[in-house]
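A.B. asks: Pasting work_29.txt here (compact mmCIF, C-alpha atoms):
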# COMPACT_ATOMS: atom_id res chain seq x y z
CA MET A 215 0.00 0.00 0.00
CA SER A 216 1.52 3.27 -1.11
CA THR A 217 0.71 6.42 0.85
CA GLU A 218 2.06 9.91 1.17
CA ARG A 219 3.87 8.83 4.34
CA ASP A 220 5.17 5.41 5.36
CA ARG A 221 4.11 5.91 8.98
CA VAL A 222 1.73 8.10 10.94
CA ASP A 223 3.40 11.19 12.36
CA VAL A 224 2.40 10.41 15.95
CA ARG A 225 3.93 13.59 17.34
CA GLY A 226 2.05 15.75 14.89
CA VAL A 227 -1.27 13.92 15.29
CA VAL A 228 -1.17 13.94 19.10
CA SER A 229 -0.21 17.62 19.13
CA PHE A 230 -3.03 18.41 16.70
CA VAL A 231 -5.61 16.63 18.85
CA MET A 232 -4.46 18.41 22.02
CA ILE A 233 -4.47 21.85 20.39
CA ALA A 234 -7.82 21.25 18.70
CA TYR A 235 -9.45 19.97 21.89
CA LEU A 236 -8.14 22.03 24.82
CA PRO A 237 -8.78 25.62 23.61
CA ALA A 238 -12.16 24.59 22.17
CA TRP A 239 -13.20 23.01 25.44
CA LEU A 240 -11.97 26.01 27.42
CA LEU A 241 -14.12 28.25 25.25
CA THR A 242 -17.21 26.42 26.52
CA LEU A 243 -16.53 27.38 30.16
CA PRO A 244 -18.81 30.45 30.07
CA LEU A 245 -21.69 28.19 29.02
CA TRP A 246 -21.19 26.25 32.25
CA LEU A 247 -20.28 29.15 34.55
CA THR A 248 -23.33 31.22 33.61
CA GLY A 249 -25.58 28.24 34.22
CA GLU A 250 -27.44 29.03 31.01
CA GLY A 251 -25.75 26.49 28.77
CA LEU A 252 -26.65 26.68 25.09
CA SER A 253 -29.39 29.21 25.82
CA TRP A 254 -26.80 31.82 26.86
CA THR A 255 -26.95 34.91 24.64
CA TRP A 256 -23.37 34.53 23.45
CA ALA A 257 -23.52 30.76 22.96
CA PRO A 258 -23.63 30.99 19.12
CA LEU A 259 -20.39 32.98 19.14
CA VAL A 260 -18.80 30.40 21.42
CA LEU A 261 -19.75 27.61 19.01
CA ILE A 262 -18.35 29.56 16.05
CA ALA A 263 -15.10 30.25 17.92
CA MET A 264 -14.82 26.54 18.69
CA MET A 265 -15.02 25.74 14.99
CA PHE A 266 -11.80 27.62 14.29
CA MET A 267 -9.70 25.69 16.81
CA PRO A 268 -9.00 22.70 14.50
CA ALA A 269 -7.68 25.15 11.89
CA VAL A 270 -5.43 26.74 14.49
CA ALA A 271 -4.19 23.28 15.48
CA ALA A 272 -3.45 22.31 11.88
CA LEU A 273 -1.55 25.52 11.20
CA VAL A 274 0.50 25.28 14.42
CA VAL A 275 1.43 21.65 13.71
CA GLY A 276 2.31 22.36 10.07
CA LYS A 277 4.37 25.43 10.91
CA TRP A 278 6.24 24.52 14.12
CA ILE A 279 5.65 20.97 15.41
CA SER A 280 5.93 18.93 12.21
CA PRO A 281 7.07 21.63 9.78
CA GLN A 282 5.90 21.32 6.18
CA PRO A 283 7.62 23.05 3.22
CA LYS A 284 4.25 24.49 2.19
CA PRO A 285 1.96 24.33 5.25
CA LEU A 286 -1.06 25.89 3.53
CA ARG A 287 -0.80 23.45 0.63
CA SER A 288 -0.31 20.47 2.95
CA ILE A 289 -3.71 21.10 4.56
CA GLY A 290 -5.43 21.76 1.23
CA LEU A 291 -6.03 25.48 1.57
CA THR A 292 -4.09 25.92 -1.66
CA ASN A 293 -3.38 23.30 -4.31
CA PRO A 294 -1.59 22.90 -7.65
CA GLY A 295 -3.88 24.14 -10.41
CA GLY A 296 -5.98 26.22 -8.04
CA ILE A 297 -9.75 26.32 -8.32
CA ARG A 298 -9.64 25.06 -11.91
CA LYS A 299 -8.82 21.61 -10.55
CA TRP A 300 -11.74 21.30 -8.16
CA TRP A 301 -14.46 23.75 -9.24
CA PRO A 302 -16.90 20.97 -10.34
CA HIS A 303 -16.94 19.81 -6.73
CA ILE A 304 -18.42 23.17 -5.74
CA LEU A 305 -21.81 22.00 -7.04
CA VAL A 306 -21.52 18.79 -5.02
CA GLY A 307 -20.73 20.72 -1.86
CA TRP A 308 -23.39 23.37 -2.49
CA LEU A 309 -26.41 21.42 -3.75
CA GLY A 310 -25.59 18.00 -2.33
CA PRO A 311 -26.25 18.49 1.42
CA PRO A 312 -29.73 20.09 1.08
CA LEU A 313 -30.81 17.43 -1.43
CA VAL A 314 -29.44 14.63 0.74
CA MET A 315 -31.25 16.13 3.74
CA VAL A 316 -34.58 16.08 1.87
CA PHE A 317 -33.90 12.49 0.83
CA ALA A 318 -33.23 11.61 4.49
CA LEU A 319 -36.51 13.24 5.52
CA MET A 320 -38.34 11.23 2.87
CA VAL A 321 -36.80 8.02 4.23
CA GLY A 322 -37.92 8.97 7.74
CA TYR A 323 -41.39 9.74 6.42
CA LEU A 324 -41.67 6.39 4.60
CA LEU A 325 -40.55 4.57 7.76
CA GLY A 326 -43.18 6.41 9.81
CA ILE A 327 -40.57 8.21 11.93
CA TYR A 328 -40.94 11.71 10.49
CA GLN A 329 -44.36 13.34 10.45
CA ALA A 330 -44.24 15.59 7.39
CA ASP A 331 -46.43 18.25 5.86
CA TRP A 332 -44.75 18.52 2.47
CA THR A 333 -47.04 21.20 1.01
CA GLY A 334 -48.77 22.86 3.95
CA PHE A 335 -45.60 23.55 5.99
CA SER A 336 -47.70 23.60 9.15
CA GLY A 337 -44.77 22.74 11.40
CA LEU A 338 -42.80 25.73 10.14
CA ALA A 339 -45.79 28.02 10.64
CA GLU A 340 -46.20 26.68 14.16
CA GLN A 341 -42.50 27.15 14.91
CA ILE A 342 -42.32 30.73 13.64
CA GLY A 343 -45.78 31.80 14.74
CA HIS A 344 -48.11 34.27 13.13
CA GLY A 345 -48.33 36.91 15.80
CA PRO A 346 -51.19 37.48 18.27
CA ILE A 347 -53.70 34.68 18.79
CA GLY A 348 -56.69 35.09 16.50
CA ALA A 349 -54.89 37.50 14.17
CA GLU A 350 -54.73 36.82 10.46
CA PRO A 351 -51.35 35.42 9.38
CA GLN A 352 -49.22 38.10 7.79
CA THR A 353 -47.20 35.63 5.71
CA SER A 354 -48.48 32.38 4.26
CA PRO A 355 -46.74 29.12 5.27
CA GLY A 356 -45.75 28.59 1.61
CA THR A 357 -43.99 31.94 1.51
CA LEU A 358 -42.27 31.22 4.81
CA ALA A 359 -41.04 27.91 3.40
CA LEU A 360 -39.71 29.53 0.24
CA ILE A 361 -37.86 32.09 2.32
CA GLN A 362 -36.32 29.37 4.49
CA ILE A 363 -35.29 27.26 1.49
CA ALA A 364 -33.81 30.30 -0.26
CA GLN A 365 -31.81 31.05 2.86
CA VAL A 366 -30.44 27.50 2.88
CA PHE A 367 -29.14 27.74 -0.69
CA GLY A 368 -28.12 31.41 -0.51
CA LEU A 369 -27.15 32.43 3.01
CA GLY A 370 -25.65 28.99 3.51
CA TRP A 371 -22.49 30.44 1.98
CA LEU A 372 -22.03 32.38 5.22
CA GLN A 373 -21.70 29.03 6.99
CA VAL A 374 -18.74 28.06 4.83
CA ILE A 375 -16.16 30.22 6.64
CA PRO A 376 -16.66 28.75 10.14
CA ALA A 377 -16.98 25.32 8.50
CA LEU A 378 -13.59 25.92 6.90
CA GLY A 379 -12.21 26.36 10.41
CA GLU A 380 -13.15 22.76 11.20
CA GLU A 381 -12.32 21.29 7.80
CA LEU A 382 -8.77 22.66 7.73
CA GLY A 383 -8.18 20.54 10.81
CA TRP A 384 -10.22 17.37 10.46
CA ARG A 385 -10.04 16.81 6.71
CA GLY A 386 -7.25 19.20 5.76
CA TYR A 387 -4.72 17.89 8.24
CA LEU A 388 -5.91 14.83 10.16
CA VAL A 389 -7.35 12.66 7.36
CA LYS A 390 -4.16 13.05 5.32
CA ALA A 391 -1.95 12.52 8.38
CA LEU A 392 -3.73 9.23 9.08
CA LEU A 393 -3.62 7.89 5.51
CA PRO A 394 -0.93 5.34 6.42
CA LEU A 395 -3.76 3.57 8.29
CA GLY A 396 -5.59 3.25 4.97
CA GLN A 397 -8.49 5.45 3.97
CA PRO A 398 -11.11 3.49 6.00
CA GLY A 399 -8.91 3.74 9.09
CA ALA A 400 -8.27 7.45 8.50
CA PHE A 401 -11.97 8.20 8.07
CA LEU A 402 -13.00 6.12 11.10
CA THR A 403 -10.37 7.58 13.44
CA THR A 404 -11.05 11.13 12.31
CA GLY A 405 -14.82 10.63 12.71
CA VAL A 406 -14.48 9.35 16.27
CA LEU A 407 -12.12 12.16 17.29
CA TRP A 408 -14.34 14.74 15.60
CA GLY A 409 -17.40 13.43 17.42
CA LEU A 410 -15.68 13.38 20.83
CA TRP A 411 -14.42 16.93 20.23
CA HIS A 412 -18.07 18.07 20.61
CA GLY A 413 -18.11 16.58 24.13
CA PRO A 414 -18.67 19.67 26.32
CA VAL A 415 -21.61 20.92 24.25
CA LEU A 416 -23.07 17.43 23.82
CA VAL A 417 -23.36 17.25 27.61
CA LEU A 418 -25.31 20.52 27.47
CA GLY A 419 -27.78 19.06 24.97
CA PHE A 420 -26.22 19.99 21.63
CA ASN A 421 -27.80 18.08 18.71
CA TYR A 422 -29.20 15.23 20.86
CA PRO A 423 -31.03 16.74 23.85
CA THR A 424 -33.62 13.93 24.08
CA VAL A 425 -31.28 10.99 24.68
CA PRO A 426 -28.95 10.04 27.56
CA ILE A 427 -25.49 11.61 27.44
CA VAL A 428 -23.70 8.35 26.65
CA VAL A 429 -26.08 7.70 23.75
CA ALA A 430 -25.55 11.28 22.53
CA PHE A 431 -21.78 10.67 22.41
CA LEU A 432 -22.23 7.42 20.50
CA MET A 433 -24.66 8.98 18.05
CA MET A 434 -22.40 11.96 17.43
CA MET A 435 -19.45 9.68 16.71
CA CYS A 436 -21.54 7.60 14.30
CA PHE A 437 -22.81 10.69 12.50
CA CYS A 438 -19.34 12.27 12.31
CA THR A 439 -17.83 9.06 10.95
CA LEU A 440 -20.44 8.68 8.21
CA VAL A 441 -20.57 12.30 7.10
CA GLY A 442 -16.82 12.64 7.68
CA THR A 443 -16.20 9.82 5.20
CA LEU A 444 -18.08 11.77 2.52
CA LEU A 445 -16.28 15.00 3.42
CA GLY A 446 -12.99 13.10 3.41
CA TRP A 447 -13.78 11.76 -0.05
CA LEU A 448 -14.38 15.33 -1.28
CA ARG A 449 -11.11 16.49 0.23
CA LEU A 450 -9.02 13.67 -1.24
CA THR A 451 -10.62 13.45 -4.66
CA SER A 452 -10.45 17.22 -5.24
CA GLY A 453 -7.00 17.75 -3.71
CA SER A 454 -8.42 20.75 -1.85
CA VAL A 455 -10.15 21.34 1.47
CA TRP A 456 -12.55 23.90 -0.02
CA PRO A 457 -15.17 21.46 -1.42
CA ALA A 458 -15.36 19.76 1.98
CA ALA A 459 -15.73 23.14 3.69
CA ILE A 460 -18.51 24.14 1.30
CA ALA A 461 -20.31 20.85 1.89
CA HIS A 462 -19.89 21.21 5.66
CA GLY A 463 -21.29 24.74 5.57
CA PHE A 464 -24.37 23.72 3.59
CA LEU A 465 -24.80 20.64 5.76
CA ASN A 466 -25.18 23.00 8.73
CA ALA A 467 -27.47 25.29 6.75
CA ALA A 468 -29.70 22.39 5.66
CA ALA A 469 -30.41 21.36 9.26
CA GLY A 470 -33.36 23.77 9.31
CA LEU A 471 -35.16 21.81 6.58
CA THR A 472 -36.33 19.33 9.20
CA ILE A 473 -38.63 22.06 10.55
CA VAL A 474 -39.65 23.40 7.12
CA PHE A 475 -41.32 20.15 6.10
CA SER A 476 -42.52 19.05 9.52
CA GLN A 477 -46.12 18.65 10.58
CA ALA A 478 -47.57 20.84 13.31
CA GLY A 479 -47.91 19.14 16.66
CA HIS A 480 -45.01 16.74 16.00
CA PRO A 481 -41.71 18.07 17.37
CA VAL A 482 -38.63 16.99 15.44
CA ASP A 483 -36.24 14.65 17.27
CA ASN A 484 -32.70 14.79 15.87
CA ALA A 485 -31.98 11.35 17.24
CA SER A 486 -34.27 9.78 14.63
CA VAL A 487 -34.93 12.44 11.97
CA GLY A 488 -32.69 14.16 9.43
CA LEU A 489 -29.03 13.45 8.81
CA LEU A 490 -28.26 13.59 12.53
CA GLY A 491 -30.77 10.79 13.14
CA TRP A 492 -30.53 7.07 12.43
CA THR A 493 -32.88 7.31 9.45
CA GLY A 494 -30.49 9.81 7.87
CA TRP A 495 -27.56 7.51 8.54
CA LEU A 496 -29.16 5.02 6.16
CA VAL A 497 -28.89 7.63 3.41
CA LEU A 498 -25.29 8.53 4.29
CA ALA A 499 -24.32 4.86 4.31
CA LEU A 500 -26.03 4.39 0.94
CA LEU A 501 -24.02 7.26 -0.55
CA ILE A 502 -20.79 5.74 0.73
CA LEU A 503 -21.80 2.38 -0.78
CA VAL A 504 -22.54 4.04 -4.13
CA LEU A 505 -19.08 5.66 -4.15
CA ILE A 506 -17.50 2.28 -3.42
CA LEU A 507 -19.49 0.53 -6.17
CA LEU A 508 -18.57 3.25 -8.66
CA GLY A 509 -14.89 2.84 -7.81
CA LYS A 510 -14.66 6.38 -6.41
CA LEU A 511 -13.85 5.24 -2.89
CA PRO A 512 -11.13 4.63 -1.78
CA VAL A 513 -9.76 7.57 -3.74
CA ARG A 514 -7.04 6.64 -6.23
CA PHE A 515 -4.06 8.97 -6.46
CA GLN A 516 -1.88 9.63 -9.48
CA VAL A 517 1.71 8.78 -8.59
CA GLN A 518 4.71 9.51 -10.78
CA LYS A 519 7.31 6.75 -10.70
CA SER A 520 10.51 6.50 -12.60
CA GLY A 521 10.74 3.44 -14.86
CA ILE A 522 12.01 2.27 -18.22
CA SER A 523 10.15 5.05 -19.96
CA ARG A 524 9.90 8.60 -18.68
CA GLY A 525 6.67 9.92 -17.26
CA VAL A 526 4.88 6.62 -16.68
CA ASN A 527 1.76 7.15 -14.57
CA ARG A 528 0.84 4.52 -12.03
CA ARG A 529 -2.16 4.56 -9.75
CA SER A 530 -2.00 3.76 -6.08
CA ARG A 531 -4.78 3.26 -3.60
CA PRO A 532 -3.92 4.43 -0.07
Represent the structure contained in this file as structure tokens.

C.D. replies:
Amino acid sequence: MSTERDRVDVRGVVSFVMIAYLPAWLLTLPLWLTGEGLSWTWAPLVLIAMMFMPAVAALVVGKWISPQPKPLRSIGLTNPGGIRKWWPHILVGWLGPPLVMVFALMVGYLLGIYQADWTGFSGLAEQIGHGPIGAEPQTSPGTLALIQIAQVFGLGWLQVIPALGEELGWRGYLVKALLPLGQPGAFLTTGVLWGLWHGPVLVLGFNYPTVPIVVAFLMMMCFCTLVGTLLGWLRLTSGSVWPAAIAHGFLNAAAGLTIVFSQAGHPVDNASVGLLGWTGWLVLALLILVLILLGKLPVRFQVQKSGISRGVNRRSRP
């Protein structure tokens, strides 16, 4: 098996994990000290700040701990050929997550787990509210839904920058650093570490507030491993971290679609609905299987080797 490195850089990986974890966890202290948890006014800013810690870890490791000749290129922020090499993957990262989310909701609906109102959008109207009781609604549910969907596909681009903070670390640095384990091993290890990294906010009810804490940890690791495999595929096949960051940003933006298509009177439970839930995992697993059957996963790299003739291309599969 040929990889970019013969062995895992243990020093670099351990340093990355420590730097990614400790500052991020320290940032969550105000959520605990105020006693307000995720309902604290500044909680969204804390979560965004956390997302940049893996990028900081990757840059510190690449610059000082395990120095790279081109640290920005080594984590995929820049790449040979620039955007011309990976621009088709922009569409995958942009349109893919919302469409996959809708597919996941349809699977949940067919299994009887997700109570949907596909055309009436009653759950969205209930969530947003129409003002004083008895007053005529100022905006129709259909219009509200269109606004929400437009925000997913448009304002979702604002989610890409904080998502890049995570992707520079998890996919930009860690997946490539763990490639000597093989791509399945790199994806699995990164997914578990990524899931555990959310620990302090998971305890506060982040993503899975309806299940016991231990179950929330297990579910987060499963979700991060599945979606991280797809993000890792984007990073490796494009040679850039940007498609993975775009997909991550729109994955976060698409989370609101669970409410858009929900039925009034039936609260959405992330543990079973959407991509965070087990019904969504079926869709993520199916996508991974499709990539394997199409020969797209594991990703094959072009490797130049000297031989009898000059410039012979050989493929290797890490």

A.B. asks: So the first atom is atom CA of Met265 of chain A and the second is atom CA of Ala467 of chain A; what is the distance between them in Å, to one decimal place?

C.D. replies: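 The value is 14.9 Å.
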
A.B. asks: For each of A:Tyr323, A:Phe437, A:Trp371, A:Phe420, take the minimum atom-to-atom distance to Phe464 of chain A, counting only C-alpha atoms, then give the residue where this is smallest.

C.D. replies: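 Result for the nearest residue to Phe464 of chain A: A:Trp371.
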
A.B. asks: Could you list, as an mmCIF file with C-alpha atoms, in the frame of the given file, every residue within 8 Å of Val406 of chain A, counting all atoms listed in the file and ignoring same-chain residues fewer than 3 positions away?

C.D. replies:
data_model
loop_
_atom_site.group_PDB
_atom_site.id
_atom_site.type_symbol
_atom_site.label_atom_id
_atom_site.label_comp_id
_atom_site.auth_asym_id
_atom_site.auth_seq_id
_atom_site.Cartn_x
_atom_site.Cartn_y
_atom_site.Cartn_z
ATOM 1 C CA LEU A 402 -13.000 6.120 11.100
ATOM 2 C CA THR A 403 -10.370 7.580 13.440
ATOM 3 C CA GLY A 409 -17.400 13.430 17.420
ATOM 4 C CA LEU A 410 -15.680 13.380 20.830
ATOM 5 C CA MET A 435 -19.450 9.680 16.710
ATOM 6 C CA CYS A 436 -21.540 7.600 14.300
ATOM 7 C CA CYS A 438 -19.340 12.270 12.310
ATOM 8 C CA THR A 439 -17.830 9.060 10.950
#

A.B. asks: Could you list, with a cut-off of 12 Å and counting only C-alpha atoms, the residues of segment 411-505 of chain A near segment 266-285 of chain A, each shown with its nearest atom pair and the distance in Å rounded to one decimal, rows sorted by chain and ascending number, as CSV?

C.D. replies:
residue,atom,partner,partner_atom,distance
A:Trp411,CA,A:Pro268,CA,9.8
A:His412,CA,A:Pro268,CA,11.9
A:Val455,CA,A:Ala269,CA,11.4
A:Ala459,CA,A:Ala269,CA,11.7

A.B. asks: For those residues, write C-alpha atoms to a file as a PDB file, in the frame of the given file.

C.D. replies:
ATOM      1  CA  TRP A 411     -14.420  16.930  20.230  1.00  0.00           C
ATOM      2  CA  HIS A 412     -18.070  18.070  20.610  1.00  0.00           C
ATOM      3  CA  VAL A 455     -10.150  21.340   1.470  1.00  0.00           C
ATOM      4  CA  ALA A 459     -15.730  23.140   3.690  1.00  0.00           C
TER       5      ALA A 459
END

A.B. asks: What does the structure give for the distance between atom CA of Leu465 of chain A and atom CA of Pro376 of chain A, in Å to one decimal?

C.D. replies: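 Answer for the atom CA of Leu465 of chain A to atom CA of Pro376 of chain A separation: 12.3 Å.
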
A.B. asks: For Thr493 of chain A, which of A:Val316, A:Leu243, A:Ile297, A:Ala263 is the closest residue, counting all atoms listed in the file?

C.D. replies: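 Looking at the shortest contact to Thr493 of chain A, the residue is A:Val316.
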
A.B. asks: Suppose you want the space between atom CA of Val228 of chain A and atom CA of Leu393 of chain A; what is it in Å?

C.D. replies: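 Result for atom CA of Val228 of chain A versus atom CA of Leu393 of chain A: 15.1 Å, one decimal.
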
A.B. asks: Will you model N, CA and C atoms for segment 459-492 of chain A and pass it back as an mmCIF file, in the coordinates of the input?

C.D. replies:
data_model
loop_
_atom_site.group_PDB
_atom_site.id
_atom_site.type_symbol
_atom_site.label_atom_id
_atom_site.label_comp_id
_atom_site.auth_asym_id
_atom_site.auth_seq_id
_atom_site.Cartn_x
_atom_site.Cartn_y
_atom_site.Cartn_z
ATOM 1 N N ALA A 459 -15.255 22.014 2.882
ATOM 2 C CA ALA A 459 -15.730 23.140 3.690
ATOM 3 C C ALA A 459 -17.079 23.637 3.191
ATOM 4 N N ILE A 460 -17.228 23.710 1.877
ATOM 5 C CA ILE A 460 -18.510 24.140 1.300
ATOM 6 C C ILE A 460 -19.607 23.151 1.675
ATOM 7 N N ALA A 461 -19.323 21.860 1.540
ATOM 8 C CA ALA A 461 -20.310 20.850 1.890
ATOM 9 C C ALA A 461 -20.658 20.907 3.370
ATOM 10 N N HIS A 462 -19.666 21.108 4.218
ATOM 11 C CA HIS A 462 -19.890 21.210 5.660
ATOM 12 C C HIS A 462 -20.779 22.416 5.978
ATOM 13 N N GLY A 463 -20.484 23.545 5.345
ATOM 14 C CA GLY A 463 -21.290 24.740 5.570
ATOM 15 C C GLY A 463 -22.741 24.547 5.189
ATOM 16 N N PHE A 464 -22.987 23.919 4.042
ATOM 17 C CA PHE A 464 -24.370 23.720 3.590
ATOM 18 C C PHE A 464 -25.036 22.566 4.332
ATOM 19 N N LEU A 465 -24.244 21.668 4.887
ATOM 20 C CA LEU A 465 -24.800 20.640 5.760
ATOM 21 C C LEU A 465 -25.396 21.305 7.002
ATOM 22 N N ASN A 466 -24.669 22.266 7.576
ATOM 23 C CA ASN A 466 -25.180 23.000 8.730
ATOM 24 C C ASN A 466 -26.406 23.827 8.353
ATOM 25 N N ALA A 467 -26.353 24.460 7.176
ATOM 26 C CA ALA A 467 -27.470 25.290 6.750
ATOM 27 C C ALA A 467 -28.732 24.460 6.509
ATOM 28 N N ALA A 468 -28.555 23.237 6.012
ATOM 29 C CA ALA A 468 -29.700 22.390 5.660
ATOM 30 C C ALA A 468 -30.394 21.802 6.875
ATOM 31 N N ALA A 469 -29.804 21.942 8.057
ATOM 32 C CA ALA A 469 -30.410 21.360 9.260
ATOM 33 C C ALA A 469 -31.819 21.906 9.493
ATOM 34 N N GLY A 470 -32.053 23.164 9.099
ATOM 35 C CA GLY A 470 -33.360 23.770 9.310
ATOM 36 C C GLY A 470 -34.471 23.188 8.453
ATOM 37 N N LEU A 471 -34.135 22.394 7.439
ATOM 38 C CA LEU A 471 -35.160 21.810 6.580
ATOM 39 C C LEU A 471 -36.026 20.799 7.320
ATOM 40 N N THR A 472 -35.512 20.254 8.420
ATOM 41 C CA THR A 472 -36.330 19.330 9.200
ATOM 42 C C THR A 472 -37.584 20.012 9.736
ATOM 43 N N ILE A 473 -37.474 21.288 10.064
ATOM 44 C CA ILE A 473 -38.630 22.060 10.550
ATOM 45 C C ILE A 473 -39.502 22.504 9.390
ATOM 46 N N VAL A 474 -38.894 22.882 8.274
ATOM 47 C CA VAL A 474 -39.650 23.400 7.120
ATOM 48 C C VAL A 474 -40.724 22.418 6.685
ATOM 49 N N PHE A 475 -40.381 21.140 6.617
ATOM 50 C CA PHE A 475 -41.320 20.150 6.100
ATOM 51 C C PHE A 475 -42.037 19.356 7.191
ATOM 52 N N SER A 476 -41.906 19.791 8.427
ATOM 53 C CA SER A 476 -42.520 19.050 9.520
ATOM 54 C C SER A 476 -44.007 19.357 9.635
ATOM 55 N N GLN A 477 -44.684 18.490 10.358
ATOM 56 C CA GLN A 477 -46.120 18.650 10.580
ATOM 57 C C GLN A 477 -46.346 19.257 11.959
ATOM 58 N N ALA A 478 -47.271 20.185 12.043
ATOM 59 C CA ALA A 478 -47.570 20.840 13.310
ATOM 60 C C ALA A 478 -47.983 19.800 14.353
ATOM 61 N N GLY A 479 -47.561 20.045 15.578
ATOM 62 C CA GLY A 479 -47.910 19.140 16.660
ATOM 63 C C GLY A 479 -46.993 17.947 16.806
ATOM 64 N N HIS A 480 -45.957 17.861 15.956
ATOM 65 C CA HIS A 480 -45.010 16.740 16.000
ATOM 66 C C HIS A 480 -43.591 17.298 16.048
ATOM 67 N N PRO A 481 -43.074 17.545 17.245
ATOM 68 C CA PRO A 481 -41.710 18.070 17.370
ATOM 69 C C PRO A 481 -40.691 17.146 16.707
ATOM 70 N N VAL A 482 -39.672 17.752 16.126
ATOM 71 C CA VAL A 482 -38.630 16.990 15.440
ATOM 72 C C VAL A 482 -37.583 16.519 16.448
ATOM 73 N N ASP A 483 -37.258 15.234 16.401
ATOM 74 C CA ASP A 483 -36.240 14.650 17.270
ATOM 75 C C ASP A 483 -35.028 14.305 16.423
ATOM 76 N N ASN A 484 -33.917 15.017 16.656
ATOM 77 C CA ASN A 484 -32.700 14.790 15.870
ATOM 78 C C ASN A 484 -32.155 13.379 15.981
ATOM 79 N N ALA A 485 -32.501 12.692 17.051
ATOM 80 C CA ALA A 485 -31.980 11.350 17.240
ATOM 81 C C ALA A 485 -32.534 10.363 16.210
ATOM 82 N N SER A 486 -33.665 10.696 15.599
ATOM 83 C CA SER A 486 -34.270 9.780 14.630
ATOM 84 C C SER A 486 -34.549 10.413 13.279
ATOM 85 N N VAL A 487 -34.519 11.733 13.190
ATOM 86 C CA VAL A 487 -34.930 12.440 11.970
ATOM 87 C C VAL A 487 -33.769 13.245 11.405
ATOM 88 N N GLY A 488 -33.718 13.369 10.083
ATOM 89 C CA GLY A 488 -32.690 14.160 9.430
ATOM 90 C C GLY A 488 -31.364 13.422 9.402
ATOM 91 N N LEU A 489 -30.331 14.089 8.946
ATOM 92 C CA LEU A 489 -29.030 13.450 8.810
ATOM 93 C C LEU A 489 -28.386 13.147 10.158
ATOM 94 N N LEU A 490 -28.772 13.880 11.193
ATOM 95 C CA LEU A 490 -28.260 13.590 12.530
ATOM 96 C C LEU A 490 -28.860 12.306 13.095
ATOM 97 N N GLY A 491 -30.060 11.938 12.617
ATOM 98 C CA GLY A 491 -30.770 10.790 13.140
ATOM 99 C C GLY A 491 -30.457 9.500 12.411
ATOM 100 N N TRP A 492 -30.887 8.377 12.994
ATOM 101 C CA TRP A 492 -30.530 7.070 12.430
ATOM 102 C C TRP A 492 -31.158 6.849 11.061
#
